[in-house]
Amino acid sequence: MSQTAFSTLDLKPDLLSNLSSLGYEQMTPIQAQSLPHILAGKDIIAQGKTGSGKTAAFGLGVLEHLNVKRFRVQSLVLCPTRELADQVANEIRRLARAIHNIKVLTLCGGMPFGPQIGSLEHGAHIVVGTPGRVEEHVRKGYLNLDDLNLLILDEADRMLEMGFQEALDEIIDAAPSDRQTLLFSATYPTQIKSIAGRIMQDPVVVKVSSTH
Ligand code: ADP
Ligand code: MG
């Protein structure tokens with residue numbers, strides 16, 4: 001099987017050397033097919049099974065596009081559950097190890113609201129959360145999305161199954177319209193096609209069936 005090394009990508013040298021220290025040398029198929037488009041600023045819809053490496057695909061897009069000196073929320077990742085949001089936040093922190101002072105904040109339901117307000121007041125570069133809680137922070141004015149340039153819907157099919165459509169719509173309404181949007185999903189039902197048609201611009205569709 002043909003493999004492609006991360007080093008073929010135009011990534012910051014610190015990110016590349018950290019990938020290598022994590023033991024990530026070759027891209028998985030979904031990373032190889034989506035990362036060039038993500039780094040080029042395109043919207044994408046990526047369909048791939050669990051374990052195909054979707055988190056690093058969008059995580060590297062987040063970190064490559066980030067301006068560390070600008071301490072404002074620039075990327076927002078939405079996940080169906082707190083467990084998944086915690087996993088994504090931890091993977092982004094691992095990928096970001098080479099970049100100092102990156103703040104990744106999780107905002108999930110089932111956690112006390114007050115401390116999250118305090119964390120938002122301190123600031124963050126990247127927010128990872130569940131749609132209901134993120135929408136509540138946006139609606140109440142604690143989370144400002146004016147500087148958002150990258151919005152990621154992870155496991156979009158599950159978020160819709162769980163009834164998060166309305167919260168997603170509210171969050172998307174509050175985000176700048178010139179942002180980049182990445183949608184990841186294990187399946188690609190009609191409901192996903194219709195949300196993608198509304199929130200994305202000329203998306204590249206990437207579909208991968210194998211994980212290696
Ligand atoms: P998905 O979200 O598609 O289900 P994950 O992003 O959780 O998959 O990745 C699955 C596992 O593969 C994780 O343990 C991650 O650390 C590992 N992984 C991802 N990309 C690579 C890579 N290019 N090389 C080696 N391991 C990787
Ligand atoms: Mg995943």
# chains A, B, ... in the order shown; residues from 1 in each chain; ligands from 1
$ residues_near_ligand --ligand "ligand 2" --cutoff "12 Å" --atoms "only C-alpha atoms and all ligand atoms" --output "MDAnalysis selection string"
chainID A and resid 30 46:59 77:81 83:89 91:92 152:158 183:186
$ residues_around --residues "Val73 of chain A" --least-positions-apart "6" --cutoff "9 Å" --atoms "only C-alpha atoms" --output "JSON, numbers by chain"
{"A": [123, 124, 125, 126, 127, 143, 144, 145, 146, 147, 148, 149]}
$ select_by_dssp --residues "segment 14-197 of chain A" --states "strand (DSSP E or B)" --output "list in words"
Gln26, Ile44, Ile45, Ala46, Gln47, Gly48, Ser75, Leu76, Val77, Leu78, Val104, Leu105, Thr106, Leu107, Ile126, Val127, Val128, Gly129, Leu150, Leu151, Ile152, Leu153, Gln180, Thr181, Leu182, Leu183, Phe184 and Ser185 of chain A
$ select_by_dssp --residues "chain A" --states "helix (DSSP H, G or I)" --output "PyMOL selection string"
chain A and resi 6-8+13-21+29-39+54-65+82-95+113-122+131-139+156-161+165-174+190-199
$ residues_around --residues "segment 115-121 of chain A" --least-positions-apart "3" --cutoff "9 Å" --atoms "only C-alpha atoms" --output "JSON, numbers by chain"
{"A": [105, 106, 107, 108, 111, 112, 124, 137, 142, 143]}
$ residues_around --residues "segment 168-171 of chain A" --least-positions-apart "5" --cutoff "8 Å" --atoms "only C-alpha atoms" --output "NGL selection string"
:A and (131 or 134-135 or 138)
